[in-house]
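For reference, coords.cif is printed below; it contains mmCIF, C-alpha atoms.
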```cif
data_query
#
loop_
_atom_site.label_atom_id
_atom_site.label_comp_id
_atom_site.auth_asym_id
_atom_site.auth_seq_id
_atom_site.Cartn_x
_atom_site.Cartn_y
_atom_site.Cartn_z
CA MET A 1 164.69 97.19 92.80
CA THR A 2 164.23 94.82 89.89
CA THR A 3 161.01 95.09 87.87
CA PHE A 4 159.54 91.97 86.27
CA GLN A 5 157.38 91.49 83.18
CA ILE A 6 155.67 88.22 82.29
CA LEU A 7 152.52 89.53 80.56
CA GLY A 8 153.91 88.78 77.12
CA ARG A 9 157.67 88.26 76.83
CA VAL A 10 159.57 87.43 80.00
CA ARG A 11 161.77 90.39 80.84
CA LEU A 12 163.36 92.03 83.84
CA GLN A 13 164.71 95.48 84.52
CA PRO A 14 167.42 95.84 87.14
CA ASP A 15 167.43 99.11 89.02
CA HIS A 16 169.92 100.68 86.62
CA GLY A 17 167.69 103.41 85.26
CA PRO A 18 165.01 103.47 82.55
CA GLY A 19 165.34 101.58 79.31
CA ALA A 20 167.39 98.74 80.78
CA HIS A 21 164.92 95.90 80.19
CA LEU A 22 166.59 92.55 79.63
CA ASP A 23 165.13 89.52 77.92
CA VAL A 24 165.67 86.34 79.91
CA LYS A 25 167.50 83.92 77.64
CA GLY A 26 166.81 80.20 77.65
CA ALA A 27 163.49 78.40 78.10
CA LYS A 28 164.50 76.81 81.40
CA ALA A 29 165.81 80.07 82.83
CA ARG A 30 162.51 81.73 81.87
CA ALA A 31 160.52 78.87 83.36
CA LEU A 32 162.46 79.13 86.62
CA LEU A 33 161.92 82.87 86.89
CA VAL A 34 158.22 82.68 85.99
CA THR A 35 157.58 79.87 88.47
CA LEU A 36 159.26 81.83 91.26
CA LEU A 37 157.39 85.02 90.33
CA LEU A 38 154.03 83.29 90.32
CA ARG A 39 154.75 82.17 93.88
CA ALA A 40 156.72 85.24 94.96
CA GLY A 41 157.31 85.41 98.70
CA THR A 42 156.91 81.68 99.24
CA THR A 43 159.38 78.82 98.93
CA VAL A 44 158.98 76.74 95.78
CA THR A 45 160.34 73.24 96.29
CA LEU A 46 162.98 71.74 94.04
CA ASP A 47 160.50 69.04 93.02
CA ARG A 48 157.96 71.69 91.98
CA LEU A 49 160.61 73.59 90.06
CA ALA A 50 161.66 70.40 88.28
CA GLU A 51 158.05 69.80 87.23
CA ALA A 52 157.99 73.29 85.71
CA LEU A 53 161.32 72.98 83.91
CA TRP A 54 160.96 69.50 82.40
CA ASP A 55 157.93 68.09 80.61
CA GLN A 56 158.99 64.50 81.27
CA GLU A 57 161.01 62.76 83.97
CA PRO A 58 163.68 65.24 85.14
CA PRO A 59 167.27 64.18 84.54
CA ARG A 60 169.49 63.09 87.41
CA SER A 61 171.24 66.43 87.13
CA ALA A 62 167.97 68.36 87.61
CA VAL A 63 168.84 69.82 91.02
CA ALA A 64 172.30 70.86 89.87
CA ASN A 65 170.80 72.44 86.75
CA ILE A 66 168.21 74.33 88.80
CA ARG A 67 170.91 75.66 91.09
CA THR A 68 172.97 76.78 88.09
CA HIS A 69 170.01 78.64 86.57
CA ALA A 70 169.22 80.18 89.96
CA SER A 71 172.81 81.36 90.39
CA ARG A 72 172.75 83.03 86.98
CA LEU A 73 169.39 84.60 87.69
CA ARG A 74 170.65 85.98 91.00
CA GLN A 75 173.41 87.81 89.13
CA SER A 76 170.76 89.71 87.16
CA LEU A 77 168.93 90.88 90.26
CA ASP A 78 169.75 93.86 92.42
CA PRO A 79 170.49 93.35 96.14
CA GLN A 80 167.02 94.58 97.12
CA THR A 81 165.38 91.72 95.21
CA PRO A 82 166.83 88.66 96.93
CA LEU A 83 166.57 85.14 95.60
CA LEU A 84 166.93 82.91 98.64
CA GLY A 85 168.01 79.29 98.34
CA THR A 86 167.54 76.48 100.83
CA GLU A 87 168.14 72.75 100.74
CA GLY A 88 164.53 72.28 99.72
CA GLY A 89 163.96 75.04 97.14
CA TYR A 90 164.04 78.75 96.32
CA GLU A 91 162.12 81.85 97.28
CA LEU A 92 162.06 85.11 95.30
CA HIS A 93 161.24 88.30 97.17
CA ALA A 94 159.58 90.66 94.69
CA ASP A 95 157.33 93.55 95.68
CA ALA A 96 153.86 93.43 94.14
CA ASP A 97 154.30 96.84 92.50
CA ARG A 98 157.37 95.48 90.68
CA CYS A 99 155.52 92.53 89.12
CA ASP A 100 153.30 93.31 86.15
CA HIS A 101 151.07 90.26 86.71
CA LEU A 102 150.29 91.29 90.28
CA ARG A 103 149.57 94.88 89.27
CA PHE A 104 147.32 93.56 86.52
CA LEU A 105 145.34 91.33 88.88
CA ASP A 106 144.94 94.19 91.35
CA ARG A 107 143.70 96.67 88.74
CA ALA A 108 141.47 94.14 86.99
CA GLY A 109 139.93 93.20 90.34
CA ALA A 110 139.31 96.87 91.14
CA GLY A 111 137.68 97.36 87.74
CA ARG A 112 135.43 94.34 88.18
CA ALA A 113 134.39 95.54 91.63
CA ALA A 114 133.58 99.00 90.25
CA LEU A 115 131.54 97.45 87.45
CA GLU A 116 129.54 95.40 89.94
CA ALA A 117 129.03 98.54 92.04
CA GLY A 118 127.53 100.41 89.09
CA ASP A 119 130.50 102.74 88.47
CA PRO A 120 131.42 102.22 84.79
CA ASP A 121 133.69 105.28 84.68
CA ARG A 122 135.97 103.94 87.39
CA ALA A 123 135.66 100.42 85.99
CA ALA A 124 136.80 101.53 82.54
CA ALA A 125 139.75 103.46 83.97
CA CYS A 126 140.95 100.54 86.12
CA LEU A 127 140.47 97.96 83.37
CA ALA A 128 142.20 100.08 80.73
CA ALA A 129 145.18 100.44 83.07
CA ALA A 130 145.17 96.69 83.73
CA LEU A 131 145.06 95.69 80.06
CA ALA A 132 147.77 98.23 79.16
CA LEU A 133 150.23 96.08 81.13
CA TRP A 134 149.93 93.26 78.59
CA GLN A 135 152.43 93.08 75.74
CA GLY A 136 150.48 90.41 73.88
CA ASP A 137 147.61 87.96 74.34
CA GLU A 138 149.52 85.28 76.25
CA ALA A 139 151.44 85.27 79.51
CA ALA A 140 155.10 84.21 79.54
CA VAL A 141 155.63 83.80 75.81
CA GLY A 142 158.32 81.23 75.10
CA VAL A 143 157.88 79.37 78.39
CA PRO A 144 156.71 75.75 78.01
CA ARG A 145 153.68 75.18 80.23
CA ASN A 146 154.99 72.16 82.06
CA GLY A 147 153.61 70.93 85.37
CA PRO A 148 152.10 73.71 87.50
CA LEU A 149 152.75 76.37 84.88
CA GLU A 150 149.88 75.13 82.73
CA ALA A 151 147.32 76.04 85.38
CA TRP A 152 149.11 79.11 86.76
CA LEU A 153 149.70 80.78 83.39
CA GLY A 154 146.31 79.63 82.11
CA HIS A 155 144.75 81.51 85.02
CA LEU A 156 146.48 84.73 83.95
CA ASP A 157 145.33 84.28 80.36
CA GLU A 158 141.77 83.68 81.56
CA GLU A 159 141.87 86.80 83.74
CA ARG A 160 143.02 88.86 80.74
CA MET A 161 140.05 87.65 78.71
CA ARG A 162 137.67 88.38 81.58
CA ALA A 163 139.15 91.87 81.83
CA VAL A 164 138.56 92.45 78.10
CA GLU A 165 134.92 91.44 78.58
CA ASP A 166 134.57 93.62 81.68
CA PHE A 167 136.09 96.55 79.80
CA ALA A 168 133.68 96.04 76.89
CA ASP A 169 130.81 95.91 79.38
CA ALA A 170 131.92 99.22 80.90
CA GLN A 171 132.26 100.77 77.45
CA LEU A 172 128.71 99.75 76.60
CA GLN A 173 127.47 101.37 79.79
CA LEU A 174 129.38 104.51 78.84
CA ALA A 175 127.72 104.58 75.39
CA GLU A 176 130.87 103.56 73.53
CA PRO A 177 129.71 100.44 71.66
CA ARG A 178 132.10 100.95 68.75
CA SER A 179 135.09 100.73 71.08
CA ALA A 180 133.58 97.65 72.71
CA LEU A 181 133.23 95.96 69.31
CA ARG A 182 136.86 96.67 68.48
CA ASP A 183 138.12 94.98 71.65
CA LEU A 184 135.71 92.05 71.42
CA ALA A 185 136.74 91.26 67.84
CA GLY A 186 140.27 90.38 68.92
CA LEU A 187 139.07 88.33 71.88
CA LEU A 188 136.60 86.28 69.85
CA ALA A 189 139.15 85.66 67.12
CA ALA A 190 141.38 84.00 69.73
CA ALA A 191 138.68 82.45 71.92
CA PRO A 192 135.52 81.97 69.82
CA LEU A 193 133.59 79.96 72.43
CA ARG A 194 133.29 82.74 75.01
CA SER A 195 129.55 83.19 75.39
CA ARG A 196 129.78 86.44 77.36
CA ALA A 197 131.88 88.03 74.61
CA TRP A 198 129.24 87.07 72.02
CA GLU A 199 126.52 88.54 74.24
CA LEU A 200 128.43 91.82 74.55
CA ARG A 201 129.07 91.92 70.80
CA MET A 202 125.38 91.44 70.09
CA ARG A 203 124.48 94.17 72.59
CA ALA A 204 126.97 96.54 70.98
CA HIS A 205 125.50 96.00 67.50
CA HIS A 206 122.02 96.48 68.92
CA ARG A 207 123.06 99.70 70.66
CA LEU A 208 124.34 101.01 67.32
CA GLY A 209 121.12 100.01 65.55
CA GLU A 210 123.07 97.52 63.43
CA PHE A 211 120.55 94.71 63.16
CA ASP A 212 122.47 93.07 60.33
CA GLY A 213 125.55 93.03 62.57
CA LEU A 214 123.48 91.66 65.45
CA THR A 215 122.19 88.79 63.33
CA ALA A 216 125.63 88.15 61.84
CA ALA A 217 127.13 87.94 65.33
CA TYR A 218 124.48 85.46 66.45
CA ARG A 219 124.92 83.34 63.33
CA ALA A 220 128.70 83.34 63.81
CA ALA A 221 128.30 82.24 67.45
CA GLU A 222 125.91 79.52 66.35
CA ALA A 223 128.28 78.29 63.64
CA VAL A 224 131.33 78.10 65.88
CA HIS A 225 129.43 76.26 68.61
CA ARG A 226 128.10 73.76 66.06
CA ARG A 227 131.57 73.26 64.62
CA GLU A 228 133.50 73.01 67.90
CA LEU A 229 130.96 71.48 70.28
CA GLY A 230 128.22 70.04 68.11
CA THR A 231 125.59 72.09 69.96
CA GLY A 232 123.81 75.40 69.61
CA PRO A 233 125.06 78.56 71.35
CA GLY A 234 122.86 77.95 74.38
CA VAL A 235 119.51 79.06 75.79
CA ARG A 236 120.85 82.33 77.19
CA LEU A 237 122.40 83.50 73.90
CA ASP A 238 119.30 82.39 71.97
CA ALA A 239 117.02 84.32 74.31
CA LEU A 240 119.18 87.45 74.15
CA TYR A 241 119.21 87.40 70.36
CA HIS A 242 115.44 87.06 70.07
CA ARG A 243 114.91 89.81 72.63
CA LEU A 244 117.32 92.24 70.98
CA VAL A 245 116.21 91.62 67.41
CA THR A 246 112.67 92.67 68.29
CA SER A 247 113.51 95.69 70.50
CA VAL A 248 114.28 99.30 69.63
CA PRO A 249 117.85 100.32 70.55
CA VAL A 250 118.59 103.28 72.82
CA PRO A 251 120.34 105.96 70.71
CA VAL A 252 124.08 106.33 71.34
CA GLY A 253 125.29 109.75 72.49
#
```
Could you take the file, read its structure, and then write that structure out as structure tokens?
Amino acid sequence: MTTFQILGRVRLQPDHGPGAHLDVKGAKARALLVTLLLRAGTTVTLDRLAEALWDQEPPRSAVANIRTHASRLRQSLDPQTPLLGTEGGYELHADADRCDHLRFLDRAGAGRAALEAGDPDRAAACLAAALALWQGDEAAVGVPRNGPLEAWLGHLDEERMRAVEDFADAQLQLAEPRSALRDLAGLLAAAPLRSRAWELRMRAHHRLGEFDGLTAAYRAAEAVHRRELGTGPGVRLDALYHRLVTSVPVPVG
């Protein structure tokens, strides 16, 4: 059965043996595949597909173009991964274990549940497995986020960032603050307004006894909030900083 990857570049692997991954060529072909994958097992209407493929008013030939792209896509799929067409739209049948985004959401959800249940070992294992499925920091690279794709792909990106934060949280609970700092650095470079990530970074510096790093992290959070939002970092971050800067850290190890 065909395996699909959208956590990074859009690729598929027909059931022809290992190493046979194929890049999907053409922005509209990628948009069609991604839209169908994000609603796998349900019929996506032609109107919805047109919204995803064109950022403005679709051309008169939109339906014909969609059917052409669908026909070409079908040729890349094995018989056990059917792409069904109707008068009103298309439906892609793809097992959850063959879709990297569905496996990611399942593992990230399991990790978050384990974290909330007080099991950081299991949380770290699940979250590491979830994040290992990503081949970059953005879902469906090269696919314009037209129509519904803006929200659908944005949700995947948000879940990746939440998983990075959850993983850092688990690492802190497992007395691995240095690893947590490494992962948080990349997240904050890309999304500098994430308050939870700043909180975790400050906790990691505190756990290491790095009070200069703790203060630097707080000042950096303050600066980016002033620059981007015209406000301070918020009451919660302020309170955490003042509590940590006056408390003795628990030794690591």
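In this structure, atom CA of A:Trp198 sits 7.1 Å away from atom CA of A:Ala217.
If all atoms listed in the file are the atoms counted, then among A:Thr246, A:Gly88, A:Ala223, A:Arg39 the closest residue to A:Val63 is A:Gly88.
You can rank A:Gly232, A:Pro58, A:Pro14, A:Gly111 by their closest distance to A:Leu73 using only C-alpha atoms, and at the top of that list sits A:Pro14.
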- Would you mind telling me which residue in A:Thr42, A:Thr231, A:Gln75, A:Ser247 lies nearest to A:Arg203 when using all atoms listed in the file? A:Ser247
Run through the PyMOL selection byres ((chain A and resi 209) around 10) on the given coordinates and return the selected residues as a PDB file with C-alpha atoms, keeping the file's coordinate frame.
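The resulting file, part.pdb, is reproduced below:
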```pdb
ATOM      1  CA  ARG A 203     124.480  94.170  72.590  1.00  0.00           C
ATOM      2  CA  ALA A 204     126.970  96.540  70.980  1.00  0.00           C
ATOM      3  CA  HIS A 205     125.500  96.000  67.500  1.00  0.00           C
ATOM      4  CA  HIS A 206     122.020  96.480  68.920  1.00  0.00           C
ATOM      5  CA  ARG A 207     123.060  99.700  70.660  1.00  0.00           C
ATOM      6  CA  LEU A 208     124.340 101.010  67.320  1.00  0.00           C
ATOM      7  CA  GLU A 210     123.070  97.520  63.430  1.00  0.00           C
ATOM      8  CA  PHE A 211     120.550  94.710  63.160  1.00  0.00           C
ATOM      9  CA  ASP A 212     122.470  93.070  60.330  1.00  0.00           C
ATOM     10  CA  GLY A 213     125.550  93.030  62.570  1.00  0.00           C
ATOM     11  CA  LEU A 214     123.480  91.660  65.450  1.00  0.00           C
ATOM     12  CA  VAL A 245     116.210  91.620  67.410  1.00  0.00           C
ATOM     13  CA  VAL A 248     114.280  99.300  69.630  1.00  0.00           C
ATOM     14  CA  PRO A 249     117.850 100.320  70.550  1.00  0.00           C
ATOM     15  CA  VAL A 250     118.590 103.280  72.820  1.00  0.00           C
ATOM     16  CA  PRO A 251     120.340 105.960  70.710  1.00  0.00           C
ATOM     17  CA  VAL A 252     124.080 106.330  71.340  1.00  0.00           C
TER      18      VAL A 252
END
```
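When atom CA of A:Ala27 is paired with atom CA of A:Ala139, their separation reads 13.9 Å.
Atom CA of A:Ala151 is found 29.2 Å from atom CA of A:Leu181.
For the set A:Glu165, A:Glu57, A:Asp23, A:Asp238, the residue with the smallest atom-to-atom gap to A:Gln5 is A:Asp23, counting all atoms listed in the file.
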- Task: Any chance you could resolve the PyMOL selection byres ((chain A and resi 28) around 10) against this file and give the residues as a ChimeraX atom specification?
- Result: /A:24-27,29-34,50,52-54,65-66,69,142-144
- Task: Kindly indicate which residue among A:Leu84, A:Ala185, A:Ala132, A:Ala94 lies nearest to A:Thr2, using all atoms listed in the file for the distances.
- Result: A:Ala94
Can you pull out every residue within 9 Å of A:Trp152, counting all atoms listed in the file, but drop anything in the same chain fewer than 4 positions away, and send it as a short mmCIF file (atom, residue, chain, number, x, y, z; two decimals) with C-alpha atoms, in the coordinates of the input?
```cif
data_model
loop_
_atom_site.label_atom_id
_atom_site.label_comp_id
_atom_site.auth_asym_id
_atom_site.auth_seq_id
_atom_site.Cartn_x
_atom_site.Cartn_y
_atom_site.Cartn_z
CA THR A 35 157.58 79.87 88.47
CA LEU A 38 154.03 83.29 90.32
CA ARG A 145 153.68 75.18 80.23
CA PRO A 148 152.10 73.71 87.50
CA LEU A 156 146.48 84.73 83.95
#
```
- Task: Determine, counting all atoms listed in the file, which protein, DNA and RNA residues have an atom within 12 Å of an atom of A:Gly109; residues of the same chain fewer than 2 positions away are not included. Present the result as a list of chain:residue names.
- Result: A:Leu102, A:Arg103, A:Phe104, A:Leu105, A:Asp106, A:Arg107, A:Gly111, A:Arg112, A:Ala113, A:Ala114, A:Leu115, A:Glu116, A:Arg122, A:Ala123, A:Ala124, A:Cys126, A:Leu127, A:Ala129, A:Ala130, A:Leu131, A:Glu159, A:Arg160, A:Arg162, A:Ala163, A:Asp166, A:Phe167
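Applied to this file, the PyMOL selection byres ((chain A and resi 187) around 9) selects Asp137, Met161, Val164, Glu165, Asp183, Leu184, Ala185, Gly186, Leu188, Ala189, Ala190, Ala191, Pro192, Arg194 and Ala197 of chain A.
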- 12 Å contact set for A:Leu37, only C-alpha atoms, chain neighbours under 3 positions out, as a PyMOL selection string: chain A and resi 2-7+10-12+30-34+40-44+49+81+83+90-96+98-102+140+149+152-153
Mind filling out stretch 182-209 of chain A with N, CA and C atoms and sending it as a PDB file, in the coordinates of the input?
```pdb
ATOM      1  N   ARG A 182     135.459  96.778  68.891  1.00  0.00           N
ATOM      2  CA  ARG A 182     136.860  96.670  68.480  1.00  0.00           C
ATOM      3  C   ARG A 182     137.626  95.712  69.405  1.00  0.00           C
ATOM      4  N   ASP A 183     137.409  95.844  70.706  1.00  0.00           N
ATOM      5  CA  ASP A 183     138.120  94.980  71.650  1.00  0.00           C
ATOM      6  C   ASP A 183     137.599  93.547  71.608  1.00  0.00           C
ATOM      7  N   LEU A 184     136.294  93.394  71.435  1.00  0.00           N
ATOM      8  CA  LEU A 184     135.710  92.050  71.420  1.00  0.00           C
ATOM      9  C   LEU A 184     136.110  91.269  70.173  1.00  0.00           C
ATOM     10  N   ALA A 185     136.360  91.960  69.072  1.00  0.00           N
ATOM     11  CA  ALA A 185     136.740  91.260  67.840  1.00  0.00           C
ATOM     12  C   ALA A 185     138.026  90.466  68.042  1.00  0.00           C
ATOM     13  N   GLY A 186     139.014  91.083  68.680  1.00  0.00           N
ATOM     14  CA  GLY A 186     140.270  90.380  68.920  1.00  0.00           C
ATOM     15  C   GLY A 186     140.102  89.212  69.873  1.00  0.00           C
ATOM     16  N   LEU A 187     139.283  89.399  70.904  1.00  0.00           N
ATOM     17  CA  LEU A 187     139.070  88.330  71.880  1.00  0.00           C
ATOM     18  C   LEU A 187     138.385  87.129  71.231  1.00  0.00           C
ATOM     19  N   LEU A 188     137.339  87.385  70.457  1.00  0.00           N
ATOM     20  CA  LEU A 188     136.600  86.280  69.850  1.00  0.00           C
ATOM     21  C   LEU A 188     137.386  85.583  68.749  1.00  0.00           C
ATOM     22  N   ALA A 189     138.303  86.304  68.116  1.00  0.00           N
ATOM     23  CA  ALA A 189     139.150  85.660  67.120  1.00  0.00           C
ATOM     24  C   ALA A 189     140.057  84.621  67.787  1.00  0.00           C
ATOM     25  N   ALA A 190     140.491  84.914  69.016  1.00  0.00           N
ATOM     26  CA  ALA A 190     141.380  84.000  69.730  1.00  0.00           C
ATOM     27  C   ALA A 190     140.631  82.970  70.549  1.00  0.00           C
ATOM     28  N   ALA A 191     139.442  83.335  71.044  1.00  0.00           N
ATOM     29  CA  ALA A 191     138.680  82.450  71.920  1.00  0.00           C
ATOM     30  C   ALA A 191     137.205  82.484  71.507  1.00  0.00           C
ATOM     31  N   PRO A 192     136.859  81.814  70.412  1.00  0.00           N
ATOM     32  CA  PRO A 192     135.520  81.970  69.820  1.00  0.00           C
ATOM     33  C   PRO A 192     134.380  81.298  70.580  1.00  0.00           C
ATOM     34  N   LEU A 193     134.657  80.625  71.685  1.00  0.00           N
ATOM     35  CA  LEU A 193     133.590  79.960  72.430  1.00  0.00           C
ATOM     36  C   LEU A 193     133.188  80.728  73.694  1.00  0.00           C
ATOM     37  N   ARG A 194     133.618  81.972  73.805  1.00  0.00           N
ATOM     38  CA  ARG A 194     133.290  82.740  75.010  1.00  0.00           C
ATOM     39  C   ARG A 194     131.906  83.370  74.847  1.00  0.00           C
ATOM     40  N   SER A 195     130.939  82.769  75.535  1.00  0.00           N
ATOM     41  CA  SER A 195     129.550  83.190  75.390  1.00  0.00           C
ATOM     42  C   SER A 195     129.341  84.645  75.811  1.00  0.00           C
ATOM     43  N   ARG A 196     129.988  85.070  76.906  1.00  0.00           N
ATOM     44  CA  ARG A 196     129.780  86.440  77.360  1.00  0.00           C
ATOM     45  C   ARG A 196     130.260  87.436  76.306  1.00  0.00           C
ATOM     46  N   ALA A 197     131.367  87.132  75.638  1.00  0.00           N
ATOM     47  CA  ALA A 197     131.880  88.030  74.610  1.00  0.00           C
ATOM     48  C   ALA A 197     130.879  88.142  73.450  1.00  0.00           C
ATOM     49  N   TRP A 198     130.255  87.020  73.073  1.00  0.00           N
ATOM     50  CA  TRP A 198     129.240  87.070  72.020  1.00  0.00           C
ATOM     51  C   TRP A 198     128.047  87.906  72.472  1.00  0.00           C
ATOM     52  N   GLU A 199     127.637  87.742  73.722  1.00  0.00           N
ATOM     53  CA  GLU A 199     126.520  88.540  74.240  1.00  0.00           C
ATOM     54  C   GLU A 199     126.834  90.036  74.162  1.00  0.00           C
ATOM     55  N   LEU A 200     128.034  90.409  74.577  1.00  0.00           N
ATOM     56  CA  LEU A 200     128.430  91.820  74.550  1.00  0.00           C
ATOM     57  C   LEU A 200     128.508  92.338  73.119  1.00  0.00           C
ATOM     58  N   ARG A 201     128.999  91.493  72.219  1.00  0.00           N
ATOM     59  CA  ARG A 201     129.070  91.920  70.800  1.00  0.00           C
ATOM     60  C   ARG A 201     127.667  92.149  70.251  1.00  0.00           C
ATOM     61  N   MET A 202     126.747  91.269  70.556  1.00  0.00           N
ATOM     62  CA  MET A 202     125.380  91.440  70.090  1.00  0.00           C
ATOM     63  C   MET A 202     124.756  92.706  70.685  1.00  0.00           C
ATOM     64  N   ARG A 203     125.005  92.957  71.962  1.00  0.00           N
ATOM     65  CA  ARG A 203     124.480  94.170  72.590  1.00  0.00           C
ATOM     66  C   ARG A 203     125.058  95.433  71.952  1.00  0.00           C
ATOM     67  N   ALA A 204     126.337  95.376  71.596  1.00  0.00           N
ATOM     68  CA  ALA A 204     126.970  96.540  70.980  1.00  0.00           C
ATOM     69  C   ALA A 204     126.351  96.833  69.616  1.00  0.00           C
ATOM     70  N   HIS A 205     126.145  95.791  68.804  1.00  0.00           N
ATOM     71  CA  HIS A 205     125.500  96.000  67.500  1.00  0.00           C
ATOM     72  C   HIS A 205     124.079  96.551  67.687  1.00  0.00           C
ATOM     73  N   HIS A 206     123.379  96.006  68.668  1.00  0.00           N
ATOM     74  CA  HIS A 206     122.020  96.480  68.920  1.00  0.00           C
ATOM     75  C   HIS A 206     122.040  97.947  69.333  1.00  0.00           C
ATOM     76  N   ARG A 207     122.981  98.313  70.190  1.00  0.00           N
ATOM     77  CA  ARG A 207     123.060  99.700  70.660  1.00  0.00           C
ATOM     78  C   ARG A 207     123.316 100.657  69.498  1.00  0.00           C
ATOM     79  N   LEU A 208     124.049 100.194  68.494  1.00  0.00           N
ATOM     80  CA  LEU A 208     124.340 101.010  67.320  1.00  0.00           C
ATOM     81  C   LEU A 208     123.218 100.963  66.280  1.00  0.00           C
ATOM     82  N   GLY A 209     122.195 100.165  66.523  1.00  0.00           N
ATOM     83  CA  GLY A 209     121.120 100.010  65.550  1.00  0.00           C
ATOM     84  C   GLY A 209     121.509  99.167  64.366  1.00  0.00           C
TER      85      GLY A 209
END
```
